[in-house]
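Have a look at the structure below before the remarks.
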Amino acid sequence: MKSVRLFLIFVLMTYLSVSAQTTLKEKLQALPEISEIVPLEKGEFGEKYLVYFTQPIDHQNPSLGTFKQRVFVSHLNFKNPTVMVTEGYGAEGAKSPRYRNELSRLFETNQVVVEHRYFLESTPNPKDWTYLTTKQSAADLHAICMALKKVYPGKWITTGASKGGQTTALYRTYYPDDVDISVPYVAPLNYGVEDGRHEPFIRNVSTAADRKVVQDFQMEVFKRRATLQPMFEKHCKDNNLTFPVTMGEIYDFSVLEYSFAMWQYGYPISKIPRPTASDKEIFDHWIQQCNPSNFNKEGYFKSFFVQAAKELGYYGYDIKPFKKYMELKSTKGWLSRLLLPDELKGVKFDKTMAKDVTKFLKKNDPKMIYIYGEFDPWSASGVCAWLNTSKKKNLHVYVIPGGNHGARIGVMQEPMQSEVKALIQKWLNE
């Protein structure tokens, strides 16, 4: 009991110390978890800082050491709500004075952007993949939120897009009382490394005519392999890209990737080069949409692919229409084969996180708004595919008609947009 009392006294003293400060920088300096504060160009905010937050590599065993996690704090008013952006990747973009999250602008909030562990500067050294887990990343967010609530005691919203949306959802699952509102954008919830729902989604998305244009383009790239593959190999060589499989197989993967990329990002069907286009037109458009750097084993997304293989899941490819043109005989197990570090090849997928989030959403009614795009392939594994909210008061799911992976409140049509804004404002006012 004595140790508990001492801990509570320490927390109270820290809170009082932070409260006594007057500027954001002073309040941040009073937090023992923050080791460095770097002023940044403030943009639309009154103050903006990059802070380095000290985190345990393993929250269950702090004796293993610590690492520095980048957090960007942008300030309007200590009395205003705060939006915490749960980045799923690096947060380099948050450095820009022009960066402001949609919810921060809509509701005049302070803004906290958290770089995900194992990305860019927020990477432990040595990089032990054991501690790149969803529960560890949720614990990172919990620690940051609890510390910064001493600075911003008002309402808190968490939000993120794509993998960041996944992070928003799993954080709310594991720490349901940390924040008041969660808004995950285009967040999948996959149940396997090759989940299996994305391929049939692509076979049925939009109209038959539009799907045919996309597939015809893929077929044309396969049929022109003799002329396009030398161009493809030169592009890879010029960009110092290396792969663990043959160039012919990477060519195949890059063509297979095209349909997912087209529907994900909503490229206008009318602008896809037709079969009469020149080799250069076909090649330039293809590389623009499906750059083979995405398959580079040591690329920016390496940590993401590790997470996908371990817990987050991913998608597979439908090769049936193109099989006779391909060098690949099968794409089964492609993620492990192409993109995982050697020590993780064959790692077993753990469904625990997906099951935990599913159970949480079915049994609870948190103030959450999921937003998806109708034509985005990630919607195939989104909660919009199965979650019944008819008996929920607070939990809502919105699917933007014709929308893609860029689905946001700002691109919603009326009355959907006003309904979402009013709902969030109502929660903030409560």
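Following the order of the structure tokens, chains are lettered A, B, ..., residues in each are numbered from 1, and ligands are numbered from 1.
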What's around Glu102 in chain A at 12 Å? Count only C-alpha atoms, leave out sequence neighbours fewer than 2 positions away in its own chain, and write the answer as an mmCIF file with N, CA and C atoms, in the first residue's frame.
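So around_0.cif came out as:
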data_model
loop_
_atom_site.group_PDB
_atom_site.id
_atom_site.type_symbol
_atom_site.label_atom_id
_atom_site.label_comp_id
_atom_site.auth_asym_id
_atom_site.auth_seq_id
_atom_site.Cartn_x
_atom_site.Cartn_y
_atom_site.Cartn_z
ATOM 1 N N VAL A 83 -7.080 16.343 -30.851
ATOM 2 C CA VAL A 83 -7.098 15.213 -31.774
ATOM 3 C C VAL A 83 -5.729 14.541 -31.740
ATOM 4 N N MET A 84 -5.698 13.251 -31.515
ATOM 5 C CA MET A 84 -4.463 12.484 -31.597
ATOM 6 C C MET A 84 -4.503 11.615 -32.846
ATOM 7 N N VAL A 85 -3.590 11.865 -33.758
ATOM 8 C CA VAL A 85 -3.491 11.111 -35.008
ATOM 9 C C VAL A 85 -2.596 9.900 -34.772
ATOM 10 N N ARG A 98 2.073 23.109 -43.079
ATOM 11 C CA ARG A 98 0.761 23.002 -43.739
ATOM 12 C C ARG A 98 -0.044 21.808 -43.242
ATOM 13 N N TYR A 99 0.603 20.927 -42.492
ATOM 14 C CA TYR A 99 -0.090 19.716 -42.054
ATOM 15 C C TYR A 99 -1.105 20.036 -40.967
ATOM 16 N N ARG A 100 -2.346 19.665 -41.223
ATOM 17 C CA ARG A 100 -3.371 19.743 -40.195
ATOM 18 C C ARG A 100 -4.420 18.689 -40.484
ATOM 19 N N SER A 104 -9.018 18.220 -36.749
ATOM 20 C CA SER A 104 -8.486 19.382 -36.041
ATOM 21 C C SER A 104 -9.007 20.666 -36.655
ATOM 22 N N ARG A 105 -9.050 20.704 -37.972
ATOM 23 C CA ARG A 105 -9.536 21.905 -38.656
ATOM 24 C C ARG A 105 -11.051 22.070 -38.486
ATOM 25 N N LEU A 106 -11.781 20.968 -38.564
ATOM 26 C CA LEU A 106 -13.244 21.050 -38.468
ATOM 27 C C LEU A 106 -13.707 21.475 -37.076
ATOM 28 N N PHE A 107 -12.986 21.028 -36.035
ATOM 29 C CA PHE A 107 -13.471 21.244 -34.673
ATOM 30 C C PHE A 107 -12.518 22.079 -33.818
ATOM 31 N N GLU A 108 -11.569 22.770 -34.488
ATOM 32 C CA GLU A 108 -10.663 23.693 -33.807
ATOM 33 C C GLU A 108 -10.006 23.044 -32.593
ATOM 34 N N THR A 109 -9.302 21.965 -32.857
ATOM 35 C CA THR A 109 -8.662 21.224 -31.769
ATOM 36 C C THR A 109 -7.144 21.396 -31.792
ATOM 37 N N ASN A 110 -6.538 21.117 -30.674
ATOM 38 C CA ASN A 110 -5.103 20.884 -30.644
ATOM 39 C C ASN A 110 -4.824 19.580 -31.386
ATOM 40 N N GLN A 111 -3.586 19.386 -31.783
ATOM 41 C CA GLN A 111 -3.267 18.214 -32.598
ATOM 42 C C GLN A 111 -1.999 17.530 -32.102
ATOM 43 N N ILE A 157 -9.989 13.060 -29.129
ATOM 44 C CA ILE A 157 -10.412 12.265 -30.286
ATOM 45 C C ILE A 157 -9.180 11.565 -30.845
ATOM 46 N N THR A 158 -9.295 10.274 -31.138
ATOM 47 C CA THR A 158 -8.237 9.603 -31.887
ATOM 48 C C THR A 158 -8.722 9.352 -33.304
ATOM 49 N N THR A 159 -7.795 9.447 -34.236
ATOM 50 C CA THR A 159 -8.145 9.210 -35.636
ATOM 51 C C THR A 159 -6.911 8.762 -36.403
ATOM 52 N N GLY A 160 -7.149 8.060 -37.494
ATOM 53 C CA GLY A 160 -6.075 7.626 -38.368
ATOM 54 C C GLY A 160 -6.680 7.056 -39.630
ATOM 55 N N ALA A 161 -5.881 6.959 -40.671
ATOM 56 C CA ALA A 161 -6.368 6.464 -41.953
ATOM 57 C C ALA A 161 -5.604 5.215 -42.361
ATOM 58 N N VAL A 183 -12.293 8.043 -34.598
ATOM 59 C CA VAL A 183 -12.751 8.133 -35.992
ATOM 60 C C VAL A 183 -11.729 7.443 -36.893
ATOM 61 N N TYR A 185 -10.551 6.003 -40.335
ATOM 62 C CA TYR A 185 -10.858 6.098 -41.762
ATOM 63 C C TYR A 185 -10.326 4.859 -42.481
ATOM 64 N N ALA A 407 -11.419 8.281 -48.685
ATOM 65 C CA ALA A 407 -12.699 8.629 -48.047
ATOM 66 C C ALA A 407 -12.458 9.415 -46.760
ATOM 67 N N ARG A 408 -13.012 10.616 -46.716
ATOM 68 C CA ARG A 408 -12.904 11.488 -45.551
ATOM 69 C C ARG A 408 -14.234 12.241 -45.388
ATOM 70 N N ILE A 409 -14.387 12.894 -44.268
ATOM 71 C CA ILE A 409 -15.612 13.669 -44.048
ATOM 72 C C ILE A 409 -15.753 14.740 -45.116
ATOM 73 N N GLY A 410 -14.647 15.369 -45.484
ATOM 74 C CA GLY A 410 -14.683 16.467 -46.452
ATOM 75 C C GLY A 410 -15.135 16.084 -47.836
ATOM 76 N N VAL A 411 -15.090 14.800 -48.208
ATOM 77 C CA VAL A 411 -15.535 14.397 -49.549
ATOM 78 C C VAL A 411 -16.931 13.776 -49.515
ATOM 79 N N LYS A 421 -20.600 15.513 -38.942
ATOM 80 C CA LYS A 421 -20.087 16.676 -38.215
ATOM 81 C C LYS A 421 -20.928 16.962 -36.977
#
Quick one: contact table of range 380-421 of chain A to range 162-172 of chain A, 10 Å max, nearest atom pair and distance in Å to one decimal per residue, counting only C-alpha atoms, chain and number order, as a Markdown table?
| residue | atom | partner | partner_atom | distance |
| --- | --- | --- | --- | --- |
| A:Gly382 | CA | A:Gln166 | CA | 9.7 |
| A:His405 | CA | A:Ser162 | CA | 7.7 |
| A:Gly406 | CA | A:Ser162 | CA | 9.3 |
For those residues, write C-alpha atoms to a file as a CSV table (one decimal), in the first residue's frame.
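This went into result34.csv:
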chain,number,residue,atom,x,y,z
A,382,GLY,CA,-13.6,-3.4,-43.2
A,405,HIS,CA,-9.2,5.0,-50.0
A,406,GLY,CA,-9.3,8.8,-49.7
So, counting only C-alpha atoms, which residue among A:Asn429, A:Thr246, A:Asn190, A:Thr66 is closest to Trp378 in chain A? A:Asn190
Please provide the set of residues having any atom within 10 Å of Phe295 in chain A, restricted to only C-alpha atoms, with same-chain residues fewer than 6 positions apart removed, written as JSON, numbers by chain. {"A": [241, 242, 243, 244, 250, 253, 254, 301, 302, 335, 338, 339]}
Can you tell me, as a list of chain:residue names, what residues are no more than 6 Å from range 115-118 of chain A when counting only C-alpha atoms, ignoring any on the same chain fewer than 6 positions away?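 Here the answer would be A:Arg70, A:Glu87, A:Gly88, A:Tyr89, A:Gly90, A:Ala91.
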Could you dump the residues just selected with C-alpha atoms as a PDB file, in the first residue's frame?
ATOM      1  CA  ARG A  70       8.507  11.057 -32.336  1.00  0.00           C
ATOM      2  CA  GLU A  87      -0.070   7.155 -37.577  1.00  0.00           C
ATOM      3  CA  GLY A  88       0.346   3.626 -38.851  1.00  0.00           C
ATOM      4  CA  TYR A  89       3.660   4.498 -40.465  1.00  0.00           C
ATOM      5  CA  GLY A  90       6.208   7.282 -40.185  1.00  0.00           C
ATOM      6  CA  ALA A  91       5.036  10.795 -39.372  1.00  0.00           C
TER       7      ALA A  91
END
Quick one: DSSP alpha helix (DSSP H) residues in range 343-376 of chain A, as number ranges by chain? A: 352-363
Restrict the selected residues to N, CA and C atoms and save them as an mmCIF file, in the first residue's frame.
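Final output, saved to out05.cif:
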data_model
loop_
_atom_site.group_PDB
_atom_site.id
_atom_site.type_symbol
_atom_site.label_atom_id
_atom_site.label_comp_id
_atom_site.auth_asym_id
_atom_site.auth_seq_id
_atom_site.Cartn_x
_atom_site.Cartn_y
_atom_site.Cartn_z
ATOM 1 N N THR A 352 -5.338 -12.903 -32.893
ATOM 2 C CA THR A 352 -5.823 -12.400 -31.609
ATOM 3 C C THR A 352 -6.334 -10.965 -31.709
ATOM 4 N N MET A 353 -5.555 -10.083 -32.335
ATOM 5 C CA MET A 353 -5.963 -8.684 -32.420
ATOM 6 C C MET A 353 -7.277 -8.535 -33.171
ATOM 7 N N ALA A 354 -7.403 -9.213 -34.321
ATOM 8 C CA ALA A 354 -8.634 -9.125 -35.112
ATOM 9 C C ALA A 354 -9.836 -9.624 -34.317
ATOM 10 N N LYS A 355 -9.629 -10.707 -33.586
ATOM 11 C CA LYS A 355 -10.715 -11.241 -32.757
ATOM 12 C C LYS A 355 -11.056 -10.290 -31.615
ATOM 13 N N ASP A 356 -10.036 -9.669 -31.026
ATOM 14 C CA ASP A 356 -10.267 -8.737 -29.921
ATOM 15 C C ASP A 356 -11.073 -7.527 -30.378
ATOM 16 N N VAL A 357 -10.706 -6.963 -31.534
ATOM 17 C CA VAL A 357 -11.430 -5.800 -32.050
ATOM 18 C C VAL A 357 -12.867 -6.186 -32.411
ATOM 19 N N THR A 358 -13.021 -7.338 -33.056
ATOM 20 C CA THR A 358 -14.356 -7.811 -33.425
ATOM 21 C C THR A 358 -15.241 -7.965 -32.183
ATOM 22 N N LYS A 359 -14.722 -8.606 -31.179
ATOM 23 C CA LYS A 359 -15.473 -8.816 -29.935
ATOM 24 C C LYS A 359 -15.817 -7.484 -29.279
ATOM 25 N N PHE A 360 -14.861 -6.571 -29.253
ATOM 26 C CA PHE A 360 -15.086 -5.266 -28.633
ATOM 27 C C PHE A 360 -16.221 -4.505 -29.327
ATOM 28 N N LEU A 361 -16.206 -4.508 -30.660
ATOM 29 C CA LEU A 361 -17.219 -3.764 -31.403
ATOM 30 C C LEU A 361 -18.602 -4.399 -31.280
ATOM 31 N N LYS A 362 -18.653 -5.708 -31.231
ATOM 32 C CA LYS A 362 -19.942 -6.393 -31.123
ATOM 33 C C LYS A 362 -20.570 -6.234 -29.736
ATOM 34 N N LYS A 363 -19.722 -6.227 -28.701
ATOM 35 C CA LYS A 363 -20.239 -6.234 -27.331
ATOM 36 C C LYS A 363 -20.355 -4.847 -26.710
#
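In this model, the gap between CA of Pro292 in chain A and CA of Pro230 in chain A comes to 13.9 Å.
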Show me, as a list of chain:residue names, the residues that have an atom within 6 Å of range 369-371 of chain A when counting only C-alpha atoms, minus same-chain residues fewer than 3 positions from it. A:Val183, A:Pro184, A:Tyr185, A:Val186, A:His396, A:Val397, A:Tyr398, A:Val399
Quick one: residues within 7 Å of Val51 in chain A, only C-alpha atoms, excluding same-chain residues fewer than 2 positions away - as an mmCIF file with C-alpha atoms, in the first residue's frame?
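Saved file part-v3.cif follows:
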data_model
loop_
_atom_site.group_PDB
_atom_site.id
_atom_site.type_symbol
_atom_site.label_atom_id
_atom_site.label_comp_id
_atom_site.auth_asym_id
_atom_site.auth_seq_id
_atom_site.Cartn_x
_atom_site.Cartn_y
_atom_site.Cartn_z
ATOM 1 C CA ILE A 34 9.852 13.872 -22.827
ATOM 2 C CA GLU A 36 13.825 16.680 -26.192
ATOM 3 C CA ILE A 37 11.647 19.471 -27.547
ATOM 4 C CA VAL A 38 12.265 20.986 -30.984
ATOM 5 C CA TYR A 49 6.852 21.233 -31.369
ATOM 6 C CA PHE A 53 8.934 10.618 -25.983
ATOM 7 C CA ARG A 70 8.507 11.057 -32.336
ATOM 8 C CA VAL A 71 5.394 13.023 -31.388
ATOM 9 C CA PHE A 72 4.310 16.275 -33.031
#
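With distances restricted to only C-alpha atoms, A:Leu328 is the closest residue to Met247 in chain A from A:Gln21, A:Leu328, A:Asp128, A:Pro275.
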Which of range 158-207 of chain A end up as strand (DSSP E or B) when DSSP is run on this backbone - answer as a PyMOL selection string? chain A and resi 158-161+181-185+188
Exercise: Asp350 in chain A partners within 10 Å, only C-alpha atoms, chain neighbours under 3 positions left out, as a list in words: Tyr191, Gly192, Val193, Ala309, Lys310, Glu311, Leu312, Gly313, Val347, Met353, Ala354 and Lys355 of chain A
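Residue nearest Lys42 in chain A within the list A:Lys95, A:Val213, A:Ala30, A:Ile57: A:Lys95 [criterion: smallest interatomic distance, only C-alpha atoms].
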Rounded to one decimal place, report the CA of Gly299 in chain A-CA of Trp263 in chain A distance in Å.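 Value for the CA of Gly299 in chain A-CA of Trp263 in chain A distance: 23.4 Å.
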